[in-house]
file run_19.txt (compact mmCIF, C-alpha atoms)
# COMPACT_ATOMS: atom_id res chain seq x y z
CA MET E 295 19.24 10.16 -6.72
CA SER E 296 21.10 13.43 -7.01
CA ASN E 297 24.27 14.90 -5.61
CA THR E 298 23.46 16.65 -2.35
CA LEU E 299 25.37 19.78 -3.32
CA PRO E 300 26.03 19.57 -7.07
CA ASP E 301 28.67 21.97 -8.36
CA GLN E 302 26.36 23.18 -11.12
CA ALA E 303 23.55 23.92 -8.67
CA THR E 304 25.89 25.60 -6.19
CA GLN E 305 27.43 27.87 -8.80
CA ALA E 306 24.07 28.92 -10.21
CA ALA E 307 22.61 29.53 -6.74
CA ASN E 308 25.51 31.82 -5.81
CA LEU E 309 25.42 33.96 -8.97
CA PRO E 310 24.26 37.58 -8.73
CA GLU E 311 20.76 38.19 -10.09
CA SER E 312 22.01 39.85 -13.27
CA GLN E 313 24.25 36.91 -14.09
CA THR E 314 21.53 34.42 -13.24
CA ASN E 315 19.16 36.13 -15.66
CA SER E 316 21.72 35.85 -18.43
CA ALA E 317 22.63 32.25 -17.60
CA PRO E 318 21.46 29.58 -20.02
CA LYS E 319 18.04 28.15 -19.26
CA LYS E 320 19.59 24.76 -18.65
CA GLY E 321 21.88 26.23 -16.00
CA ARG E 322 18.99 28.06 -14.34
CA LEU E 323 16.69 25.02 -14.32
CA TYR E 324 19.12 22.60 -12.70
CA PRO E 325 19.33 24.38 -9.31
CA VAL E 326 15.54 24.76 -9.26
CA VAL E 327 14.99 21.03 -9.76
CA TRP E 328 17.76 20.19 -7.30
CA ARG E 329 16.23 22.49 -4.67
CA TRP E 330 12.82 20.81 -5.00
CA HIS E 331 14.48 17.39 -4.84
CA PHE E 332 16.47 18.37 -1.75
CA TYR E 333 13.62 19.88 0.25
CA ALA E 334 11.15 17.15 -0.72
CA GLY E 335 13.58 14.46 0.39
CA LEU E 336 14.32 16.27 3.64
CA LEU E 337 10.73 17.05 4.66
CA ILE E 338 9.08 13.72 3.90
CA ALA E 339 11.91 11.53 5.22
CA PRO E 340 10.49 10.60 8.67
CA ILE E 341 7.09 9.54 7.33
CA LEU E 342 8.67 7.92 4.27
CA TRP E 343 10.86 5.75 6.50
CA LEU E 344 7.84 4.58 8.50
CA VAL E 345 5.77 3.85 5.38
CA THR E 346 8.55 1.97 3.58
CA LEU E 347 9.63 -0.13 6.57
CA THR E 348 6.07 -1.11 7.52
CA GLY E 349 5.37 -1.90 3.86
CA ALA E 350 8.46 -4.13 3.67
CA LEU E 351 7.32 -5.97 6.80
CA TYR E 352 3.67 -6.33 5.77
CA VAL E 353 4.59 -7.89 2.43
CA PHE E 354 5.46 -11.08 4.33
CA SER E 355 2.61 -10.89 6.84
CA THR E 356 1.12 -14.20 5.66
CA GLU E 357 4.38 -16.13 5.98
CA LEU E 358 5.28 -14.56 9.32
CA SER E 359 1.77 -15.05 10.73
CA GLU E 360 1.71 -18.70 9.71
CA TRP E 361 5.11 -19.25 11.33
CA ARG E 362 3.96 -17.49 14.52
CA ASP E 363 0.55 -19.23 14.69
CA GLN E 364 1.50 -22.65 13.32
CA ASP E 365 0.23 -24.37 16.48
CA MET E 366 -3.23 -22.89 15.83
CA LEU E 367 -3.26 -23.19 12.05
CA TYR E 368 -1.95 -26.72 11.49
CA VAL E 369 -2.98 -30.11 12.88
CA THR E 370 -2.04 -33.74 12.39
CA PRO E 371 -4.56 -35.32 9.97
CA GLU E 372 -6.57 -38.30 11.21
CA THR E 373 -9.06 -40.62 9.57
CA GLU E 374 -12.31 -39.13 10.90
CA GLN E 375 -13.33 -35.51 11.41
CA ILE E 376 -15.83 -34.23 13.97
CA SER E 377 -18.98 -32.72 12.48
CA TYR E 378 -18.93 -29.01 11.73
CA ASP E 379 -22.09 -28.54 13.77
CA ARG E 380 -20.35 -30.04 16.81
CA LEU E 381 -17.32 -27.82 16.21
CA ARG E 382 -19.64 -24.84 16.08
CA GLU E 383 -20.98 -25.72 19.53
CA VAL E 384 -17.44 -25.97 20.92
CA ALA E 385 -16.48 -22.62 19.36
CA ALA E 386 -19.61 -20.97 20.78
CA LYS E 387 -18.56 -21.98 24.32
CA SER E 388 -15.12 -20.39 23.81
CA ALA E 389 -16.41 -17.26 22.11
CA ILE E 390 -16.55 -13.95 23.94
CA ALA E 391 -19.80 -13.09 22.15
CA ASP E 392 -22.79 -15.23 21.20
CA ASP E 393 -22.76 -14.22 17.54
CA LEU E 394 -20.72 -16.67 15.45
CA GLU E 395 -20.86 -15.07 12.04
CA ALA E 396 -18.49 -17.20 9.92
CA VAL E 397 -16.39 -20.32 9.63
CA ILE E 398 -13.08 -20.67 7.76
CA VAL E 399 -12.26 -24.07 6.29
CA HIS E 400 -9.72 -25.60 3.87
CA THR E 401 -9.55 -28.64 1.66
CA ASP E 402 -6.09 -29.27 3.14
CA PRO E 403 -6.62 -31.97 5.83
CA ALA E 404 -3.70 -30.56 7.85
CA ARG E 405 -5.43 -27.23 8.48
CA SER E 406 -7.51 -26.31 11.52
CA VAL E 407 -11.07 -24.98 11.37
CA ALA E 408 -11.70 -21.43 12.57
CA PHE E 409 -14.94 -19.79 13.66
CA VAL E 410 -15.35 -16.02 13.78
CA ALA E 411 -17.29 -14.35 16.58
CA HIS E 412 -18.58 -10.82 16.04
CA LEU E 413 -18.00 -8.50 19.00
CA GLU E 414 -20.08 -5.37 18.59
CA GLY E 415 -18.63 -2.02 19.57
CA GLU E 416 -20.47 1.26 19.97
CA PRO E 417 -24.05 1.29 18.61
CA ASN E 418 -24.35 2.51 15.02
CA ASN E 419 -20.57 2.47 14.60
CA ARG E 420 -19.38 -0.66 12.82
CA ALA E 421 -15.82 0.71 12.74
CA ASP E 422 -15.48 -0.17 16.45
CA ASP E 423 -16.64 -3.77 15.97
CA ARG E 424 -14.12 -6.47 16.80
CA HIS E 425 -13.82 -10.09 15.72
CA GLN E 426 -12.55 -13.10 17.62
CA ARG E 427 -11.18 -16.00 15.59
CA ILE E 428 -11.35 -19.35 17.42
CA TYR E 429 -9.18 -22.21 16.08
CA LEU E 430 -10.21 -25.83 16.57
CA ASN E 431 -8.74 -29.21 15.78
CA PRO E 432 -11.35 -30.77 13.45
CA TYR E 433 -10.35 -34.32 14.52
CA ASP E 434 -10.65 -34.13 18.31
CA GLY E 435 -12.59 -30.87 18.77
CA SER E 436 -9.95 -29.28 20.98
CA VAL E 437 -9.59 -25.50 21.04
CA LEU E 438 -6.14 -24.62 19.72
CA GLY E 439 -6.35 -20.94 20.63
CA SER E 440 -8.06 -17.71 19.69
CA ARG E 441 -7.11 -14.24 18.55
CA ILE E 442 -8.84 -10.85 18.35
CA LEU E 443 -8.24 -9.91 14.72
CA GLU E 444 -8.12 -6.14 15.30
CA ASP E 445 -5.39 -6.59 17.95
CA ASP E 446 -3.10 -8.56 15.68
CA PHE E 447 0.44 -7.20 15.26
CA PHE E 448 0.14 -7.04 11.49
CA VAL E 449 -3.10 -5.08 11.71
CA THR E 450 -1.12 -2.45 13.62
CA VAL E 451 1.63 -2.60 10.98
CA LEU E 452 -0.97 -2.07 8.24
CA GLN E 453 -2.55 0.86 10.09
CA LEU E 454 0.85 2.50 10.49
CA HIS E 455 1.48 1.97 6.80
CA ARG E 456 -1.89 3.36 5.72
CA ASN E 457 -2.55 6.22 8.12
CA LEU E 458 0.27 6.41 10.71
CA MET E 459 -2.37 5.54 13.37
CA LEU E 460 -3.74 9.07 12.86
CA GLY E 461 -7.03 8.24 11.13
CA LYS E 462 -8.01 10.28 8.09
CA THR E 463 -5.34 12.91 8.81
CA GLY E 464 -2.71 10.20 8.56
CA ARG E 465 -4.14 9.01 5.26
CA TYR E 466 -3.75 12.51 3.82
CA LEU E 467 -0.15 12.56 5.04
CA THR E 468 0.69 9.17 3.52
CA GLU E 469 -0.91 10.23 0.23
CA LEU E 470 1.17 13.42 0.31
CA VAL E 471 4.37 11.49 1.04
CA THR E 472 3.66 8.88 -1.64
CA SER E 473 2.94 11.58 -4.21
CA TRP E 474 6.10 13.45 -3.31
CA GLY E 475 7.99 10.18 -3.47
CA LEU E 476 7.04 9.95 -7.14
CA LEU E 477 8.15 13.55 -7.68
CA LEU E 478 11.44 12.71 -5.97
CA LEU E 479 11.96 9.92 -8.48
CA ALA E 480 11.20 12.23 -11.43
CA THR E 481 13.48 15.04 -10.23
CA GLY E 482 16.14 12.48 -9.32
CA VAL E 483 16.20 11.13 -12.86
CA TYR E 484 16.59 14.68 -14.19
CA LEU E 485 19.50 15.34 -11.85
CA TRP E 486 21.09 11.96 -12.64
CA TRP E 487 20.92 12.53 -16.42
CA PRO E 488 24.49 12.05 -17.76
CA ARG E 489 25.02 15.44 -19.50
CA ASP E 490 28.25 14.29 -21.18
CA LYS E 491 29.55 12.59 -18.03
CA LYS E 492 31.62 9.45 -18.24
CA ASN E 493 30.23 6.03 -17.37
CA VAL E 494 31.63 6.11 -13.83
CA GLY E 495 28.98 7.45 -11.48
CA VAL E 496 26.27 7.26 -14.16
CA PHE E 497 25.51 3.61 -14.92
CA LYS E 498 28.12 2.08 -12.63
CA PRO E 499 28.75 3.33 -9.09
CA ARG E 500 32.26 3.73 -7.79
CA ILE E 501 33.37 1.45 -4.96
CA LYS E 502 36.67 3.26 -4.30
CA GLY E 503 37.51 6.90 -3.73
CA LYS E 504 36.34 9.58 -1.38
CA PHE E 505 33.49 8.45 0.85
CA TYR E 506 31.17 11.23 -0.29
CA ALA E 507 31.72 10.43 -3.98
CA VAL E 508 31.05 6.73 -3.41
CA LEU E 509 27.94 7.49 -1.37
CA ARG E 510 26.70 9.90 -4.06
CA ASP E 511 27.20 7.30 -6.79
CA TRP E 512 25.33 4.59 -4.93
CA HIS E 513 22.49 7.02 -4.22
CA ALA E 514 22.20 8.21 -7.82
CA VAL E 515 22.93 5.02 -9.76
CA SER E 516 20.94 2.61 -7.60
CA GLY E 517 18.10 5.14 -7.60
CA PHE E 518 18.06 5.17 -11.39
CA TYR E 519 17.78 1.38 -11.60
CA LEU E 520 15.10 1.24 -8.89
CA VAL E 521 12.88 3.94 -10.44
CA PRO E 522 10.54 1.59 -12.42
CA LEU E 523 10.04 -0.77 -9.48
CA ILE E 524 9.44 1.95 -6.89
CA ALA E 525 7.16 3.88 -9.26
CA ILE E 526 4.93 0.81 -9.80
CA VAL E 527 4.60 0.16 -6.06
CA ALA E 528 3.89 3.84 -5.30
CA LEU E 529 1.39 4.33 -8.14
CA THR E 530 -0.61 1.23 -7.22
CA GLY E 531 -0.70 2.38 -3.59
CA LEU E 532 -2.21 5.71 -4.62
CA LEU E 533 -5.36 3.92 -5.83
CA PHE E 534 -6.29 3.36 -2.17
CA THR E 535 -5.73 6.88 -0.86
CA VAL E 536 -8.28 9.41 0.36
CA VAL E 537 -8.25 11.84 -2.56
CA LEU E 538 -6.90 10.10 -5.66
CA GLY E 539 -8.22 6.68 -4.63
CA SER E 540 -11.70 7.99 -3.79
CA ASN E 541 -11.84 9.84 -7.11
CA PHE E 542 -10.93 6.62 -8.91
CA ASN E 543 -13.66 4.72 -7.07
CA THR E 544 -16.23 7.43 -7.83
CA THR E 545 -15.29 7.32 -11.51
CA ALA E 546 -15.60 3.53 -11.58
CA LYS E 547 -19.04 3.68 -9.94
CA LYS E 548 -20.32 6.38 -12.31
CA MET E 549 -19.15 4.33 -15.28
CA GLY E 550 -20.96 1.26 -13.95
CA HIS E 551 -17.72 -0.59 -13.18
CA TRP E 552 -18.52 -1.35 -9.54
CA PRO E 553 -19.77 -4.93 -9.01
CA PRO E 554 -23.03 -4.88 -7.02
CA LYS E 555 -22.84 -8.59 -6.12
CA TRP E 556 -19.18 -8.75 -5.06
CA PHE E 557 -19.77 -8.32 -1.32
CA GLN E 558 -23.54 -7.95 -1.22
CA THR E 559 -25.52 -10.78 0.38
CA SER E 560 -28.14 -12.29 -1.91
CA LYS E 561 -31.74 -13.07 -1.16
CA ALA E 562 -32.64 -16.74 -0.75
CA SER E 563 -36.01 -17.44 0.86
CA ALA E 564 -37.23 -20.81 2.07
CA PRO E 565 -39.35 -22.68 -0.52
CA THR E 566 -42.01 -23.38 2.13
CA PRO E 567 -42.51 -21.85 5.60
CA ASP E 568 -41.67 -25.11 7.37
CA THR E 569 -38.44 -25.82 5.44
CA LYS E 570 -35.47 -26.15 7.80
CA PRO E 571 -32.01 -24.71 7.02
CA LEU E 572 -29.21 -27.05 6.02
CA THR E 573 -26.79 -28.16 8.69
CA LEU E 574 -23.15 -27.05 8.52
CA ASP E 575 -22.14 -30.57 7.53
CA GLU E 576 -24.50 -30.38 4.55
CA MET E 577 -23.57 -26.84 3.61
CA VAL E 578 -19.75 -26.71 3.97
CA PRO E 579 -19.00 -29.33 1.25
CA LEU E 580 -21.07 -27.28 -1.20
CA PHE E 581 -18.59 -24.43 -0.78
CA LEU E 582 -15.45 -26.55 -0.54
CA LYS E 583 -15.95 -27.94 -4.02
CA TYR E 584 -15.27 -24.44 -5.39
CA SER E 585 -11.85 -24.37 -3.76
CA ARG E 586 -9.09 -24.19 -6.39
CA SER E 587 -6.29 -25.71 -4.29
CA ASN E 588 -5.28 -26.64 -0.76
CA GLU E 589 -4.04 -23.06 -0.38
CA ASP E 590 -7.55 -21.62 -0.75
CA ALA E 591 -9.03 -20.31 2.49
CA VAL E 592 -12.83 -20.71 2.28
CA ALA E 593 -14.45 -18.12 4.55
CA ILE E 594 -18.18 -18.88 4.81
CA ARG E 595 -20.30 -16.03 6.16
CA PHE E 596 -23.52 -17.29 7.67
CA ALA E 597 -26.81 -15.78 6.52
CA GLU E 598 -27.80 -13.00 8.93
CA LYS E 599 -31.52 -13.33 8.23
CA PRO E 600 -33.89 -16.18 7.27
CA ASP E 601 -34.38 -14.76 3.77
CA LEU E 602 -30.65 -14.39 2.94
CA ALA E 603 -28.10 -16.84 1.54
CA HIS E 604 -24.84 -18.07 3.00
CA LYS E 605 -21.88 -16.57 1.15
CA ALA E 606 -18.29 -17.78 0.84
CA PHE E 607 -15.14 -15.83 -0.03
CA LEU E 608 -12.38 -18.02 -1.42
CA MET E 609 -8.91 -16.52 -1.49
CA ILE E 610 -5.26 -17.56 -1.63
CA ASP E 611 -2.83 -15.58 0.54
CA ASP E 612 -5.35 -12.73 0.96
CA ASP E 613 -4.82 -11.90 -2.72
CA LYS E 614 -7.85 -9.87 -3.80
CA ASN E 615 -6.99 -10.56 -7.45
CA GLN E 616 -7.80 -14.24 -6.79
CA LEU E 617 -10.93 -13.66 -4.72
CA ARG E 618 -13.84 -15.90 -5.70
CA THR E 619 -17.32 -15.56 -4.21
CA VAL E 620 -20.26 -17.95 -4.30
CA SER E 621 -23.65 -17.97 -2.57
CA VAL E 622 -25.69 -20.96 -1.39
CA ASN E 623 -29.36 -21.03 -0.50
CA GLN E 624 -29.40 -22.00 3.19
CA TYR E 625 -32.52 -24.15 2.69
CA THR E 626 -32.13 -25.86 -0.68
CA GLY E 627 -28.35 -25.87 -1.17
CA GLU E 628 -28.77 -24.15 -4.54
CA GLU E 629 -25.48 -22.53 -5.57
CA PHE E 630 -25.57 -19.21 -7.42
CA ASN E 631 -23.76 -15.89 -7.97
CA LEU E 632 -20.38 -17.50 -8.58
CA LEU E 633 -18.02 -14.61 -9.32
CA ASP E 634 -14.35 -14.77 -10.30
CA PRO E 635 -12.16 -11.70 -10.96
CA PRO E 636 -12.42 -12.10 -14.78
CA ASP E 637 -16.20 -11.67 -14.42
CA LEU E 638 -15.80 -8.19 -12.91
CA PRO E 639 -15.90 -4.83 -14.74
CA PHE E 640 -12.57 -3.53 -16.06
CA LEU E 641 -11.98 -0.57 -13.69
CA TYR E 642 -12.73 -2.71 -10.66
CA ARG E 643 -10.27 -5.27 -11.95
CA VAL E 644 -7.70 -2.48 -12.22
CA ARG E 645 -8.32 -1.84 -8.53
CA LEU E 646 -7.77 -5.51 -7.71
CA TRP E 647 -4.60 -5.64 -9.80
CA ALA E 648 -3.36 -2.55 -8.00
CA VAL E 649 -3.76 -4.00 -4.51
CA SER E 650 -2.16 -7.31 -5.51
CA ILE E 651 0.78 -5.58 -7.20
CA HIS E 652 1.23 -3.13 -4.33
CA MET E 653 1.34 -5.95 -1.78
CA GLY E 654 3.57 -8.13 -3.95
CA LYS E 655 0.97 -10.89 -4.28
CA ILE E 656 0.29 -10.77 -8.01
CA PHE E 657 2.72 -13.60 -8.89
CA GLY E 658 3.53 -15.01 -5.49
CA MET E 659 6.93 -14.98 -3.79
CA PRO E 660 8.95 -13.42 -6.69
CA THR E 661 6.81 -10.28 -6.60
CA LYS E 662 6.92 -10.19 -2.79
CA ILE E 663 10.70 -10.04 -3.06
CA LEU E 664 10.44 -7.25 -5.64
CA ALA E 665 8.07 -5.32 -3.36
CA LEU E 666 10.56 -5.77 -0.53
CA ILE E 667 13.38 -4.45 -2.73
CA ALA E 668 11.27 -1.45 -3.74
CA SER E 669 10.41 -0.61 -0.11
CA LEU E 670 13.91 -1.02 1.26
CA GLY E 671 15.39 0.64 -1.84
CA LEU E 672 13.30 3.79 -1.32
CA PHE E 673 14.23 3.78 2.36
CA GLY E 674 17.91 3.49 1.44
CA LEU E 675 17.69 6.33 -1.09
CA SER E 676 16.16 8.59 1.54
CA VAL E 677 18.79 7.70 4.15
CA THR E 678 21.74 8.16 1.78
CA GLY E 679 20.30 11.46 0.52
CA LEU E 680 20.15 12.89 4.04
CA TRP E 681 23.54 11.38 4.83
CA MET E 682 25.10 13.21 1.88
CA TRP E 683 23.63 16.53 2.95
CA TRP E 684 24.92 16.04 6.51
CA LYS E 685 28.40 15.15 5.30
CA ARG E 686 28.67 17.97 2.74
CA ARG E 687 27.02 20.89 4.56
CA PRO E 688 29.43 23.78 5.26
CA GLN E 689 30.54 24.11 8.88
CA GLY E 690 28.27 26.44 10.82
CA ARG E 691 25.72 26.59 7.98
CA SER E 692 22.69 24.54 7.04
CA GLY E 693 23.78 23.86 3.47
CA PHE E 694 20.21 24.49 2.30
CA PRO E 695 19.89 25.69 -1.31
CA ARG E 696 18.97 29.32 -1.94
CA THR E 697 15.59 30.43 -3.23
CA PRO E 698 15.77 30.71 -7.04
CA LEU E 699 14.25 33.55 -9.03
CA PRO E 700 10.61 33.01 -10.04
CA ARG E 701 11.56 33.18 -13.72
CA SER E 702 14.19 30.47 -13.29
CA LEU E 703 11.56 27.92 -14.26
CA PRO E 704 10.67 27.90 -17.97
CA LEU E 705 7.07 27.79 -19.21
CA TRP E 706 7.18 24.07 -19.88
CA GLY E 707 8.31 23.57 -16.28
CA TRP E 708 5.15 25.28 -15.03
CA LEU E 709 3.12 23.09 -17.37
CA VAL E 710 4.72 20.02 -15.81
CA ILE E 711 3.77 21.32 -12.34
CA ILE E 712 0.17 21.87 -13.47
CA VAL E 713 -0.03 18.33 -14.88
CA CYS E 714 1.43 16.91 -11.65
CA ALA E 715 -1.09 18.92 -9.63
CA PHE E 716 -3.91 17.44 -11.72
CA LEU E 717 -2.65 13.84 -11.51
CA LEU E 718 -1.56 14.04 -7.86
CA PRO E 719 -4.04 16.45 -6.22
CA VAL E 720 -2.62 16.39 -2.68
CA ALA E 721 0.92 16.99 -3.93
CA GLY E 722 -0.43 19.64 -6.31
CA ILE E 723 -1.89 21.65 -3.45
CA SER E 724 1.40 21.48 -1.56
CA ILE E 725 3.33 22.56 -4.70
CA LEU E 726 1.12 25.63 -5.07
CA ILE E 727 1.67 26.52 -1.40
CA ILE E 728 5.44 26.12 -1.73
CA CYS E 729 5.52 28.22 -4.92
CA LEU E 730 3.53 30.95 -3.17
CA LEU E 731 5.91 30.93 -0.20
CA ASP E 732 8.90 31.01 -2.57
CA TRP E 733 7.44 34.03 -4.36
CA ILE E 734 6.80 35.83 -1.04
CA CYS E 735 10.36 35.10 0.14
CA TRP E 736 11.76 36.41 -3.14
CA LEU E 737 9.74 39.62 -2.85
CA VAL E 738 10.87 40.18 0.75
CA THR E 739 14.52 39.55 -0.16
CA ARG E 740 14.31 41.87 -3.18
CA ARG E 741 12.83 44.72 -1.11
CA ARG E 742 15.59 44.39 1.49
CA THR E 743 18.24 44.68 -1.20
call {"tool": "encode", "arguments": {"input": "run_19.txt", "output": "structure tokens"}}
result
Amino acid sequence: MSNTLPDQATQAANLPESQTNSAPKKGRLYPVVWRWHFYAGLLIAPILWLVTLTGALYVFSTELSEWRDQDMLYVTPETEQISYDRLREVAAKSAIADDLEAVIVHTDPARSVAFVAHLEGEPNNRADDRHQRIYLNPYDGSVLGSRILEDDFFVTVLQLHRNLMLGKTGRYLTELVTSWGLLLLATGVYLWWPRDKKNVGVFKPRIKGKFYAVLRDWHAVSGFYLVPLIAIVALTGLLFTVVLGSNFNTTAKKMGHWPPKWFQTSKASAPTPDTKPLTLDEMVPLFLKYSRSNEDAVAIRFAEKPDLAHKAFLMIDDDKNQLRTVSVNQYTGEEFNLLDPPDLPFLYRVRLWAVSIHMGKIFGMPTKILALIASLGLFGLSVTGLWMWWKRRPQGRSGFPRTPLPRSLPLWGWLVIIVCAFLLPVAGISILIICLLDWICWLVTRRRT
């Protein structure tokens, strides 16, 4: 959001040390902030581009998946439907594995029925497990197709967005980039601050003039207007990172704000040893009546053991903030443990709000569009920032800003860094490393002179 080579920063960076010491604090601080903004934008750009573009694409994963898989997801309604138990037999014949662990149904008569087969990976490593989803026409029993969930295109997009396909190392990198993205916004606002400038280039970008000036205005002004939106998306994403997110979860658990019954399967023994379990046709309607609309996907997980209950997860558009769970005794049909988001502890609800806001699902399509704007806006700010540096750099030189004196940063500036390090631990560690390297470079330069 700043000029790539601001006159004020350039002049201060080129002053002799004696003049820099006597320069006003405001003049000494500006080049320091600009230097951090410049290097942060330059170093995180490649990963930032990948994270923002995959995020923009994943926001519409539901719509794009439904368009791609419409032949498997939608059917022509008829008067009579085949029994769920018969559909289960058909799905079992098409499944790669014998273990059918769930069925997904809808109240919408135009939707197919899907069974989920559990494909086990390496022993004692559930992370390698895979799942096959088999789609059937509930009116004629035909198999419409199947898909391995872990091989889906949007699963790959999500993995790139979360961890760059690099496992835990990638998650640290995305947390670092997201944290620095927030610092870029903060330093950008400081650099954008009018300081007695006229309206042009401050609240309204120029559309005519030298190309560099126009590019600078659109970078700075659009960045200022996008700050609240980008900050919300970035902050909510941090709740699911390795360091900050794990600390939040640990805090919620220690405060008793982690719901024990949210995903846990409940006990439900047979009333007598010879009692037989309910059939699917008897059991499915018990769950369907808790559906809130035709958009609800009712995923019923079958009881894994004779003394456990069947459990359903009802959700619209994979929005965790609308997730409803209910359990049913597989022998008696007794319904219990109905949980809606308002029933959950506050900090866990914050977590659900965060994921829904981050994915643009909190209020449906309008917030998806806002999430798209935030993602593409941050991508555009990064591209225009690098573009400005490339256009303005002196011929034969890098155009990188010089290392400022250690005392260029006032005491309150160091306090801000300490607060940022506390709130954004991964970024805080990197800030301390950069400050140490800066100090070493300054000492080496001073000894040479």
call {"tool": "residues_around", "arguments": {"input": "run_19.txt", "residues": "region 589-604 of chain E", "least_positions_apart": "5", "cutoff": "6 Å", "atoms": "all atoms listed in the file", "output": "PyMOL selection string"}}
result
chain E and resi 395-400+560-563+609-610+621-624
call {"tool": "write_last_selection", "arguments": {"input": "run_19.txt", "atoms": "C-alpha atoms", "output": "CSV table (one decimal), keeping the file's coordinate frame"}}
result
chain,number,residue,atom,x,y,z
E,395,GLU,CA,-20.9,-15.1,12.0
E,396,ALA,CA,-18.5,-17.2,9.9
E,397,VAL,CA,-16.4,-20.3,9.6
E,398,ILE,CA,-13.1,-20.7,7.8
E,399,VAL,CA,-12.3,-24.1,6.3
E,400,HIS,CA,-9.7,-25.6,3.9
E,560,SER,CA,-28.1,-12.3,-1.9
E,561,LYS,CA,-31.7,-13.1,-1.2
E,562,ALA,CA,-32.6,-16.7,-0.8
E,563,SER,CA,-36.0,-17.4,0.9
E,609,MET,CA,-8.9,-16.5,-1.5
E,610,ILE,CA,-5.3,-17.6,-1.6
E,621,SER,CA,-23.6,-18.0,-2.6
E,622,VAL,CA,-25.7,-21.0,-1.4
E,623,ASN,CA,-29.4,-21.0,-0.5
E,624,GLN,CA,-29.4,-22.0,3.2
call {"tool": "closest_residue", "arguments": {"input": "run_19.txt", "among": "E:Ile667, E:Tyr429, E:Asp392, E:Val713", "to": "Val407 (chain E)", "atoms": "only C-alpha atoms"}}
result
E:Tyr429
call {"tool": "atom_distance", "arguments": {"input": "run_19.txt", "atom1": "CA of Asp422 (chain E)", "atom2": "CA of Gln558 (chain E)"}}
result
20.9 Å
call {"tool": "closest_residue", "arguments": {"input": "run_19.txt", "among": "E:Ile442, E:Ala389, E:Leu381, E:Leu520", "to": "Val483 (chain E)", "atoms": "all atoms listed in the file"}}
result
E:Leu520
call {"tool": "closest_residue", "arguments": {"input": "run_19.txt", "among": "E:Val410, E:Val326, E:Val720, E:Leu458", "to": "Pro340 (chain E)", "atoms": "all atoms listed in the file"}}
result
E:Leu458
call {"tool": "atom_distance", "arguments": {"input": "run_19.txt", "atom1": "CA of Arg686 (chain E)", "atom2": "CA of Val471 (chain E)"}}
result
25.2 Å
call {"tool": "residues_around", "arguments": {"input": "run_19.txt", "residues": "region 539-545 of chain E", "least_positions_apart": "4", "cutoff": "12 Å", "atoms": "all atoms listed in the file", "output": "number ranges by chain"}}
result
E: 465-466, 469, 529-535, 549-553, 641-646, 648-649, 716-720
call {"tool": "write_last_selection", "arguments": {"input": "run_19.txt", "atoms": "C-alpha atoms", "output": "short mmCIF file (atom, residue, chain, number, x, y, z; two decimals), in the frame of the given file"}}
result
data_model
loop_
_atom_site.label_atom_id
_atom_site.label_comp_id
_atom_site.auth_asym_id
_atom_site.auth_seq_id
_atom_site.Cartn_x
_atom_site.Cartn_y
_atom_site.Cartn_z
CA ARG E 465 -4.14 9.01 5.26
CA TYR E 466 -3.75 12.51 3.82
CA GLU E 469 -0.91 10.23 0.23
CA LEU E 529 1.39 4.33 -8.14
CA THR E 530 -0.61 1.23 -7.22
CA GLY E 531 -0.70 2.38 -3.59
CA LEU E 532 -2.21 5.71 -4.62
CA LEU E 533 -5.36 3.92 -5.83
CA PHE E 534 -6.29 3.36 -2.17
CA THR E 535 -5.73 6.88 -0.86
CA MET E 549 -19.15 4.33 -15.28
CA GLY E 550 -20.96 1.26 -13.95
CA HIS E 551 -17.72 -0.59 -13.18
CA TRP E 552 -18.52 -1.35 -9.54
CA PRO E 553 -19.77 -4.93 -9.01
CA LEU E 641 -11.98 -0.57 -13.69
CA TYR E 642 -12.73 -2.71 -10.66
CA ARG E 643 -10.27 -5.27 -11.95
CA VAL E 644 -7.70 -2.48 -12.22
CA ARG E 645 -8.32 -1.84 -8.53
CA LEU E 646 -7.77 -5.51 -7.71
CA ALA E 648 -3.36 -2.55 -8.00
CA VAL E 649 -3.76 -4.00 -4.51
CA PHE E 716 -3.91 17.44 -11.72
CA LEU E 717 -2.65 13.84 -11.51
CA LEU E 718 -1.56 14.04 -7.86
CA PRO E 719 -4.04 16.45 -6.22
CA VAL E 720 -2.62 16.39 -2.68
#
call {"tool": "closest_residue", "arguments": {"input": "run_19.txt", "among": "E:Ala350, E:Leu394, E:Met366, E:Val451", "to": "Gly439 (chain E)", "atoms": "all atoms listed in the file"}}
result
E:Met366
call {"tool": "atom_distance", "arguments": {"input": "run_19.txt", "atom1": "CA of Val508 (chain E)", "atom2": "CA of Val496 (chain E)"}}
result
11.8 Å
call {"tool": "closest_residue", "arguments": {"input": "run_19.txt", "among": "E:Thr463, E:Thr559, E:Ser650, E:Thr468", "to": "Lys605 (chain E)", "atoms": "only C-alpha atoms"}}
result
E:Thr559
call {"tool": "closest_residue", "arguments": {"input": "run_19.txt", "among": "E:Ala404, E:Val738, E:Ala525, E:Val327", "to": "Asn588 (chain E)", "atoms": "all atoms listed in the file"}}
result
E:Ala404
call {"tool": "residues_near_point", "arguments": {"input": "run_19.txt", "point": "(22.7, 10.9, 6.2)", "cutoff": "12 Å", "atoms": "only C-alpha atoms", "output": "list of chain:residue names"}}
result
E:Thr298, E:Gly335, E:Leu336, E:Ala339, E:Tyr506, E:Leu509, E:Arg510, E:His513, E:Phe673, E:Gly674, E:Leu675, E:Ser676, E:Val677, E:Thr678, E:Gly679, E:Leu680, E:Trp681, E:Met682, E:Trp683, E:Trp684, E:Lys685, E:Arg686, E:Arg687
